[in-house]
Number of protein chains: 4
Amino acid sequence: MSKTLNVGIIGAGRIGQVHAATLAYRVPEARLAAVADLNLAAAQALADRFRVPVATDNPDVIFADPTVDAVLICSVTATHAPFIEAAAAAGKHVFCEKPIALDLAQIDRALAAVAKAGVKLQVGFNRRFDANFRRVRRAIESGEIGQPALLHIVSRDPAPPPIEYVKGSGGMFLDMTIHDFDMARFLIGDEIEEVYAQAGVTVDPSIGEAGDVDTAVTLLRFANGVIGTIDNCRRATYGYDQRVEVFGSKGAISTMNNYPNAAIVSDAASVRRDLPLHFFMDRYVESFAAEVMAFVDAVLNDQPVPVTGLDGRAPVVMALAAMKSYREGRPVKVSEIG
Amino acid sequence: MSKTLNVGIIGAGRIGQVHAATLAYRVPEARLAAVADLNLAAAQALADRFRVPVATDNPDVIFADPTVDAVLICSVTATHAPFIEAAAAAGKHVFCEKPIALDLAQIDRALAAVAKAGVKLQVGFNRRFDANFRRVRRAIESGEIGQPALLHIVSRDPAPPPIEYVKGSGGMFLDMTIHDFDMARFLIGDEIEEVYAQAGVTVDPSIGEAGDVDTAVTLLRFANGVIGTIDNCRRATYGYDQRVEVFGSKGAISTMNNYPNAAIVSDAASVRRDLPLHFFMDRYVESFAAEVMAFVDAVLNDQPVPVTGLDGRAPVVMALAAMKSYREGRPVKVSEIG
Amino acid sequence: MSKTLNVGIIGAGRIGQVHAATLAYRVPEARLAAVADLNLAAAQALADRFRVPVATDNPDVIFADPTVDAVLICSVTATHAPFIEAAAAAGKHVFCEKPIALDLAQIDRALAAVAKAGVKLQVGFNRRFDANFRRVRRAIESGEIGQPALLHIVSRDPAPPPIEYVKGSGGMFLDMTIHDFDMARFLIGDEIEEVYAQAGVTVDPSIGEAGDVDTAVTLLRFANGVIGTIDNCRRATYGYDQRVEVFGSKGAISTMNNYPNAAIVSDAASVRRDLPLHFFMDRYVESFAAEVMAFVDAVLNDQPVPVTGLDGRAPVVMALAAMKSYREGRPVKVSEIG
Amino acid sequence: MSKTLNVGIIGAGRIGQVHAATLAYRVPEARLAAVADLNLAAAQALADRFRVPVATDNPDVIFADPTVDAVLICSVTATHAPFIEAAAAAGKHVFCEKPIALDLAQIDRALAAVAKAGVKLQVGFNRRFDANFRRVRRAIESGEIGQPALLHIVSRDPAPPPIEYVKGSGGMFLDMTIHDFDMARFLIGDEIEEVYAQAGVTVDPSIGEAGDVDTAVTLLRFANGVIGTIDNCRRATYGYDQRVEVFGSKGAISTMNNYPNAAIVSDAASVRRDLPLHFFMDRYVESFAAEVMAFVDAVLNDQPVPVTGLDGRAPVVMALAAMKSYREGRPVKVSEIG
């Protein structure tokens, strides 16, 4: 491989643009070689902005390009697994946005292709790279709070996505809670054995009419005995609410939200601060960059990727278990799913 | 009834002394008429300290005293129900520490006796009178955070009680979580329909050997759709941890712990503050006083008591449901219990 | 002296009532023997409320009563010094509200009388007993923040007193900043050598018309080199603002305000909490009690009082220096005053 | 002028590299045309890293280059004024690090050259672009806290610079407090009329031996009556301490420090968080970028620069006044200096 990593980006939407900017501006070892998007104008716009030499509406152009070392799959979910397979077949390393797929058989086929090709696959659970959550993980790894016993994750969006998006999302557990399932595994460093989900519709009746929920609490039981709860809602009026607390035998660690500034105003009405960072692109700007830098580093130096294909599979299993639990009104063993 | 409320105290232990001090120092309308404790020396000591004219080892002396208007039952749990019945039969108003009993039949007999006698009964869920939790309740009642959707209660003790106490306590759900069950009902202002409990032993194996747990998460489903979680542990190294968060359609309200001072130290190691108030007697000193003042006020002015006999019964039902859920590994409808 | 301290209270106004309640309810070793107020009805009301046997409009009744061991002087400032002298002449120990007097000669006469009589005199700088400021003092005494270098005191009232009060107050430095001058000496444990004051009228022009200021910053130079600033205003819209920060060679300690509850509300407008405790009687309720308990303890056990007559004199000197500095527009050595 | 701004950088040290990275990665409209440094290797290293076509040890190469539109002066202080003059003579727009010079005559000559040439000059007071301080300024501009009355600035470094640097720095007031003098003017939006400085040596005796101080409090009087204090120290054990508070007629606004994460650890010792961002390059990373982006924008769109030459001159005058005040032990009118 060249000392520089030549990268193709598939999908020139919002997240594709974020990753392109990271590669262009913050990773001297990376070179943007090509960008593909079904919408050729979008591909061309991204290429123009970041001086990418090739823009195409055909991903096969990237897979077939022998100068491309790695691909970033930033296209819609349904294409993730087939593109992973194609990239692996072409011997390209892969960074793929989450989820790999909504269907376990598809995921397993993609992981098998990756294994067979001997390429690296990293899944885009960017929150693992956030300074707050890394600090929590470090507290657990270092023993700072002793043996963990309880985990509480709060994960609320500022507003629900458009109803059309909801309909194709696979449901809240697969679309939103999936990040929290990954966070739970990442922080505790152990597997979940059982989930029990309570959920409902409190934000928008049309979400319920679409067969989905917008508010949920999921109770987790880890193999090592840790008990966790995930507290989700599609709409928090005050913005993006992303916090965790882990309680252990020697103490506890909890994280607050991130804010645009550290100013406090006191007046005749209250003592207050501005709302937390409202949007996930603001809140996680650094973690999006860090995951891509970690991927480039892992490929160039032939190190293990920090978020593996199995890390991409597990949260899908958990989400399917949570959906089953919610529908059947009973705790579901993860082993029932896969 | 006299314009002054003549009060007899049954049980001269820790909580009996706290309530006696409130009546002696902070309630001009109350007069301590008599104190009873099986341990006559303890009764006498309390009487001496607060200038109570009568000290006895026989509660019947109090029940038989026509000058006594009301009794405070601060003795061990097993005596609560019979003493309520005896007091009611004697026409005394009753303030009784929680829980009324560990057995529903006993509770129902006591409540029937109270109803028949037409006396007032207030149950000692003091935390309802805490400034933080009252503020949360007010936010919900006033609509400040809109329609509640999610509730999270953290309730951790600084250290487990002696193992002998644990053995006679009825188990953590009945002894410790019972306060949180009451808090959940109080804050949301609705009944719980279903509970699901996960629990384990992470603090002290001898608690497990005694057949109890020391760490638990209980998931609650309210009739109005609110989903709640209660996060308990018998030991938090950093002290008494008592917080709640309620999330609603217009916003959220959460409470922090209370601290002995508001000082922050910054040095080469960290930016820190002293530990929160460590002991429930410090944390809830004002709420213990406020509940007794409210009782005296309700009796003297013939108003409804703020925590009724049914408020005392409901958390016992929930605790029994949580125990059943934990033992059977499934969600349990509260209606299965009683 | 009797094992019980018999106390006479002179002045049945707001602060007299606060101290009477402490003695009645929280100090078993104290007995309220008599209360005097020029307004006999006020004296009688206080006596009735706390079951004080003697109410009079003549303080001499208290000075002449051989059963009275100590007096609390809670009357208007102009009477403090003469009442101290009278009490000392009668052999009574004295607790006197601040300031001793607005005039140094008067103060010195009172202190001489106390010294000659060999009685104890404690001055009512209650804030020294506040949990926050005690914690700061402890950090300095223990070396937790190393050698102090910088001090910043914020002391703002929720609203100015009535203009008639302002006119008789001796000016803001003597009436309000005096507490902060005492706090500065208490926290740093050293004497101030020089002050420089900048001040103005930003709250109410009528305060300026009365020859006073309502907003000021006073810069202090301690003998040990510490540099301090005091930041005062007669009106903070958000309530009573009482904070300090001390910066030292090993770190810093700062205190926040005290709040009625520890709840935080997040909604579409802000993340906020309720206003801090608004009124000094709420903010300092415990420190008012603690200073009186300390006085009783010092007298009964013949220990040094925690706030001496010289502690009462020094802040008056500093206030006079600050006034001179403000008027002359230059730094003033405290030694220029007395 | 070309639609792209061609920029030459003079000085390839730490801050030169920071600005080069901003221009290279975050300002598509800018092109790095040349870099000069007396140390040619340093110039070459920067040029290599950011693909700058020209590296030289002679700034005149840049001044003489007709394709260069603007220069960033990032060299040592003594060269700022002459380089401004040279750049202005060559018709280049100038961004110059603070201070313009330590000598008013030099500053005035440089400003005259800029005025004569009709080029733009922006001075590098980056902190004006920090999110916290911008928020404070906005509160004042919008009337959110009413009419300002009091200002308090805390500005402490994590560690003093090397003693050799101190000797050539012009003294703490010119080297460190100068940022705070600018901040005071920026936040209040008014001129300072008088300063009074108290200072000493508490960190390192060798700083005193070099004739400088390392700890100071400067009291400011603004033309509009606002009273301010600046609290400086060369070493805070807990890191970089950069906070302000402004108190006004309708309320107050204060800023906290910035932290590397928002995690709180509770254990048997304390409730704590990690130290604030320790180094100014971390704390102000975004404000360094923002000021350069603002400069490019002002030049390309022919708008006023946000920090003018007069904004660069005023804090030098204030620093000279503070030095005079400290030496003479009296308040000094800014008009005494220039």
# chains A, B, ... in the order shown; residues from 1 in each chain; ligands from 1
>>> residues_around(residues="B:Thr77", least_positions_apart="3", cutoff="9 Å", atoms="only C-alpha atoms", output="ChimeraX atom specification")
/B:74,80-81,97-102,169
>>> write_last_selection(atoms="all heavy atoms", output="PDB file, in the first residue's frame")
ATOM      1  N   CYS B  74     -43.512   5.306  66.320  1.00  0.00           N
ATOM      2  CA  CYS B  74     -42.115   5.314  65.878  1.00  0.00           C
ATOM      3  C   CYS B  74     -41.414   4.040  66.324  1.00  0.00           C
ATOM      4  O   CYS B  74     -40.180   4.002  66.416  1.00  0.00           O
ATOM      5  CB  CYS B  74     -41.392   6.523  66.452  1.00  0.00           C
ATOM      6  SG  CYS B  74     -42.238   8.079  66.138  1.00  0.00           S
ATOM      7  N   HIS B  80     -46.385  -1.584  64.051  1.00  0.00           N
ATOM      8  CA  HIS B  80     -47.121  -0.437  63.489  1.00  0.00           C
ATOM      9  C   HIS B  80     -48.613  -0.713  63.371  1.00  0.00           C
ATOM     10  O   HIS B  80     -49.452   0.062  63.854  1.00  0.00           O
ATOM     11  CB  HIS B  80     -46.560  -0.063  62.106  1.00  0.00           C
ATOM     12  CG  HIS B  80     -45.204   0.556  62.142  1.00  0.00           C
ATOM     13  ND1 HIS B  80     -44.520   0.943  61.021  1.00  0.00           N
ATOM     14  CD2 HIS B  80     -44.379   0.853  63.188  1.00  0.00           C
ATOM     15  CE1 HIS B  80     -43.335   1.451  61.352  1.00  0.00           C
ATOM     16  NE2 HIS B  80     -43.231   1.394  62.661  1.00  0.00           N
ATOM     17  N   ALA B  81     -48.956  -1.831  62.721  1.00  0.00           N
ATOM     18  CA  ALA B  81     -50.371  -2.097  62.471  1.00  0.00           C
ATOM     19  C   ALA B  81     -51.156  -2.286  63.770  1.00  0.00           C
ATOM     20  O   ALA B  81     -52.204  -1.647  63.968  1.00  0.00           O
ATOM     21  CB  ALA B  81     -50.525  -3.300  61.536  1.00  0.00           C
ATOM     22  N   GLU B  97     -44.873   5.773  61.231  1.00  0.00           N
ATOM     23  CA  GLU B  97     -43.706   5.612  60.357  1.00  0.00           C
ATOM     24  C   GLU B  97     -43.987   4.548  59.301  1.00  0.00           C
ATOM     25  O   GLU B  97     -44.794   3.645  59.503  1.00  0.00           O
ATOM     26  CB  GLU B  97     -42.471   5.222  61.193  1.00  0.00           C
ATOM     27  CG  GLU B  97     -41.800   6.414  61.851  1.00  0.00           C
ATOM     28  CD  GLU B  97     -41.371   7.451  60.816  1.00  0.00           C
ATOM     29  OE1 GLU B  97     -40.794   7.075  59.778  1.00  0.00           O
ATOM     30  OE2 GLU B  97     -41.644   8.654  61.043  1.00  0.00           O
ATOM     31  N   LYS B  98     -43.265   4.639  58.195  1.00  0.00           N
ATOM     32  CA  LYS B  98     -43.423   3.652  57.110  1.00  0.00           C
ATOM     33  C   LYS B  98     -42.576   2.438  57.444  1.00  0.00           C
ATOM     34  O   LYS B  98     -41.570   2.610  58.135  1.00  0.00           O
ATOM     35  CB  LYS B  98     -43.026   4.243  55.759  1.00  0.00           C
ATOM     36  CG  LYS B  98     -41.523   4.601  55.619  1.00  0.00           C
ATOM     37  CD  LYS B  98     -40.664   3.533  54.977  1.00  0.00           C
ATOM     38  CE  LYS B  98     -39.257   3.572  55.511  1.00  0.00           C
ATOM     39  NZ  LYS B  98     -38.447   2.415  55.181  1.00  0.00           N
ATOM     40  N   PRO B  99     -42.933   1.254  56.967  1.00  0.00           N
ATOM     41  CA  PRO B  99     -44.198   0.931  56.313  1.00  0.00           C
ATOM     42  C   PRO B  99     -45.255   0.599  57.362  1.00  0.00           C
ATOM     43  O   PRO B  99     -44.921   0.287  58.500  1.00  0.00           O
ATOM     44  CB  PRO B  99     -43.845  -0.313  55.505  1.00  0.00           C
ATOM     45  CG  PRO B  99     -42.808  -1.012  56.329  1.00  0.00           C
ATOM     46  CD  PRO B  99     -42.032   0.071  57.038  1.00  0.00           C
ATOM     47  N   ILE B 100     -46.494   0.670  56.972  1.00  0.00           N
ATOM     48  CA  ILE B 100     -47.573   0.319  57.903  1.00  0.00           C
ATOM     49  C   ILE B 100     -47.379  -1.121  58.366  1.00  0.00           C
ATOM     50  O   ILE B 100     -47.474  -1.429  59.544  1.00  0.00           O
ATOM     51  CB  ILE B 100     -48.955   0.480  57.226  1.00  0.00           C
ATOM     52  CG1 ILE B 100     -49.162   1.947  56.827  1.00  0.00           C
ATOM     53  CG2 ILE B 100     -50.061  -0.015  58.140  1.00  0.00           C
ATOM     54  CD1 ILE B 100     -50.459   2.202  56.063  1.00  0.00           C
ATOM     55  N   ALA B 101     -47.087  -1.999  57.392  1.00  0.00           N
ATOM     56  CA  ALA B 101     -46.790  -3.396  57.708  1.00  0.00           C
ATOM     57  C   ALA B 101     -46.173  -4.002  56.460  1.00  0.00           C
ATOM     58  O   ALA B 101     -46.197  -3.394  55.388  1.00  0.00           O
ATOM     59  CB  ALA B 101     -48.061  -4.163  58.099  1.00  0.00           C
ATOM     60  N   LEU B 102     -45.618  -5.177  56.599  1.00  0.00           N
ATOM     61  CA  LEU B 102     -45.052  -5.865  55.431  1.00  0.00           C
ATOM     62  C   LEU B 102     -46.092  -6.784  54.806  1.00  0.00           C
ATOM     63  O   LEU B 102     -45.830  -7.410  53.787  1.00  0.00           O
ATOM     64  CB  LEU B 102     -43.814  -6.664  55.849  1.00  0.00           C
ATOM     65  CG  LEU B 102     -42.714  -5.850  56.535  1.00  0.00           C
ATOM     66  CD1 LEU B 102     -41.515  -6.743  56.853  1.00  0.00           C
ATOM     67  CD2 LEU B 102     -42.283  -4.676  55.672  1.00  0.00           C
ATOM     68  N   SER B 169     -35.864  -7.039  57.711  1.00  0.00           N
ATOM     69  CA  SER B 169     -36.363  -5.834  57.039  1.00  0.00           C
ATOM     70  C   SER B 169     -37.451  -6.114  56.015  1.00  0.00           C
ATOM     71  O   SER B 169     -38.086  -5.194  55.516  1.00  0.00           O
ATOM     72  CB  SER B 169     -35.197  -5.128  56.333  1.00  0.00           C
ATOM     73  OG  SER B 169     -34.788  -5.901  55.207  1.00  0.00           O
TER      74      SER B 169
END
>>> closest_atom_pairs(of="chain A", to="chain C", cutoff="8 Å", atoms="only C-alpha atoms", output="tab-separated table")
residue	atom	partner	partner_atom	distance
A:Thr237	CA	C:Ala268	CA	4.9
A:Tyr238	CA	C:Ala268	CA	4.5
A:Gly239	CA	C:Ala268	CA	7.6
A:Ser266	CA	C:Tyr238	CA	5.9
A:Asp267	CA	C:Tyr238	CA	4.7
A:Ala268	CA	C:Tyr238	CA	4.5
A:Ala269	CA	C:Tyr238	CA	7.1
A:Ser270	CA	C:Leu275	CA	5.2
A:Val271	CA	C:Arg273	CA	5.4
A:Arg272	CA	C:Arg272	CA	3.9
A:Arg273	CA	C:Val271	CA	5.4
A:Asp274	CA	C:Ser270	CA	5.2
A:Leu275	CA	C:Ser270	CA	5.2
>>> write_last_selection(atoms="N, CA and C atoms", output="PDB file, in the first residue's frame")
ATOM      1  N   THR A 237     -37.275  19.241  24.171  1.00  0.00           N
ATOM      2  CA  THR A 237     -37.445  20.647  23.777  1.00  0.00           C
ATOM      3  C   THR A 237     -36.156  21.440  23.957  1.00  0.00           C
ATOM      4  N   TYR A 238     -35.323  21.032  24.899  1.00  0.00           N
ATOM      5  CA  TYR A 238     -34.109  21.792  25.219  1.00  0.00           C
ATOM      6  C   TYR A 238     -32.924  21.367  24.372  1.00  0.00           C
ATOM      7  N   GLY A 239     -33.125  20.446  23.447  1.00  0.00           N
ATOM      8  CA  GLY A 239     -32.032  20.091  22.546  1.00  0.00           C
ATOM      9  C   GLY A 239     -31.520  18.688  22.734  1.00  0.00           C
ATOM     10  N   SER A 266     -27.735  35.466  35.491  1.00  0.00           N
ATOM     11  CA  SER A 266     -28.623  35.570  36.656  1.00  0.00           C
ATOM     12  C   SER A 266     -29.452  36.825  36.499  1.00  0.00           C
ATOM     13  N   ASP A 267     -30.746  36.685  36.570  1.00  0.00           N
ATOM     14  CA  ASP A 267     -31.569  37.892  36.586  1.00  0.00           C
ATOM     15  C   ASP A 267     -32.776  37.672  37.490  1.00  0.00           C
ATOM     16  N   ALA A 268     -33.744  38.545  37.380  1.00  0.00           N
ATOM     17  CA  ALA A 268     -34.859  38.482  38.322  1.00  0.00           C
ATOM     18  C   ALA A 268     -35.693  37.221  38.155  1.00  0.00           C
ATOM     19  N   ALA A 269     -35.478  36.488  37.052  1.00  0.00           N
ATOM     20  CA  ALA A 269     -36.294  35.302  36.797  1.00  0.00           C
ATOM     21  C   ALA A 269     -35.597  34.007  37.198  1.00  0.00           C
ATOM     22  N   SER A 270     -34.311  33.888  36.944  1.00  0.00           N
ATOM     23  CA  SER A 270     -33.640  32.610  37.174  1.00  0.00           C
ATOM     24  C   SER A 270     -32.132  32.756  37.044  1.00  0.00           C
ATOM     25  N   VAL A 271     -31.448  31.690  37.380  1.00  0.00           N
ATOM     26  CA  VAL A 271     -30.014  31.552  37.122  1.00  0.00           C
ATOM     27  C   VAL A 271     -29.905  30.498  36.035  1.00  0.00           C
ATOM     28  N   ARG A 272     -29.389  30.871  34.876  1.00  0.00           N
ATOM     29  CA  ARG A 272     -29.558  29.987  33.735  1.00  0.00           C
ATOM     30  C   ARG A 272     -28.376  30.008  32.785  1.00  0.00           C
ATOM     31  N   ARG A 273     -28.330  29.005  31.936  1.00  0.00           N
ATOM     32  CA  ARG A 273     -27.375  29.029  30.845  1.00  0.00           C
ATOM     33  C   ARG A 273     -28.102  28.729  29.553  1.00  0.00           C
ATOM     34  N   ASP A 274     -27.411  28.978  28.453  1.00  0.00           N
ATOM     35  CA  ASP A 274     -27.985  28.707  27.142  1.00  0.00           C
ATOM     36  C   ASP A 274     -28.215  27.202  26.983  1.00  0.00           C
ATOM     37  N   LEU A 275     -29.021  26.840  26.024  1.00  0.00           N
ATOM     38  CA  LEU A 275     -29.318  25.430  25.784  1.00  0.00           C
ATOM     39  C   LEU A 275     -28.065  24.662  25.365  1.00  0.00           C
TER      40      LEU A 275
END
>>> residues_around(residues="stretch 311-319 of chain C", least_positions_apart="6", cutoff="6 Å", atoms="only C-alpha atoms", output="PyMOL selection string")
chain C and resi 123+173-174+178+181-182
>>> residues_around(residues="C:Ile62", least_positions_apart="2", cutoff="8 Å", atoms="only C-alpha atoms", output="VMD selection string")
chain C and resid 8 34 to 36 58 to 60 64 to 65 68
>>> select_by_dssp(residues="stretch 125-221 of chain B", states="strand (DSSP E or B)", output="PyMOL selection string")
chain B and resi 148-156+192-200+215-221
>>> closest_residue(among="A:Arg138, A:Arg185, A:His19, A:Arg234", to="A:Val7", atoms="only C-alpha atoms")
A:His19
>>> residues_around(residues="C:Glu164", least_positions_apart="6", cutoff="12 Å", atoms="only C-alpha atoms", output="list in words")
Gly170, Gly171, Ser206, Ile207, Ala210 and Asp212 of chain C
>>> closest_residue(among="C:Gly143, C:Gly338, C:Gly11, C:Gly329", to="C:Asn39", atoms="only C-alpha atoms")
C:Gly11
>>> residues_around(residues="B:Lys92", least_positions_apart="6", cutoff="9 Å", atoms="only C-alpha atoms", output="list in words")
Phe63, Val68, Asp69, Ala70, Val71, Ala86, Ala117, Val119 and Lys120 of chain B
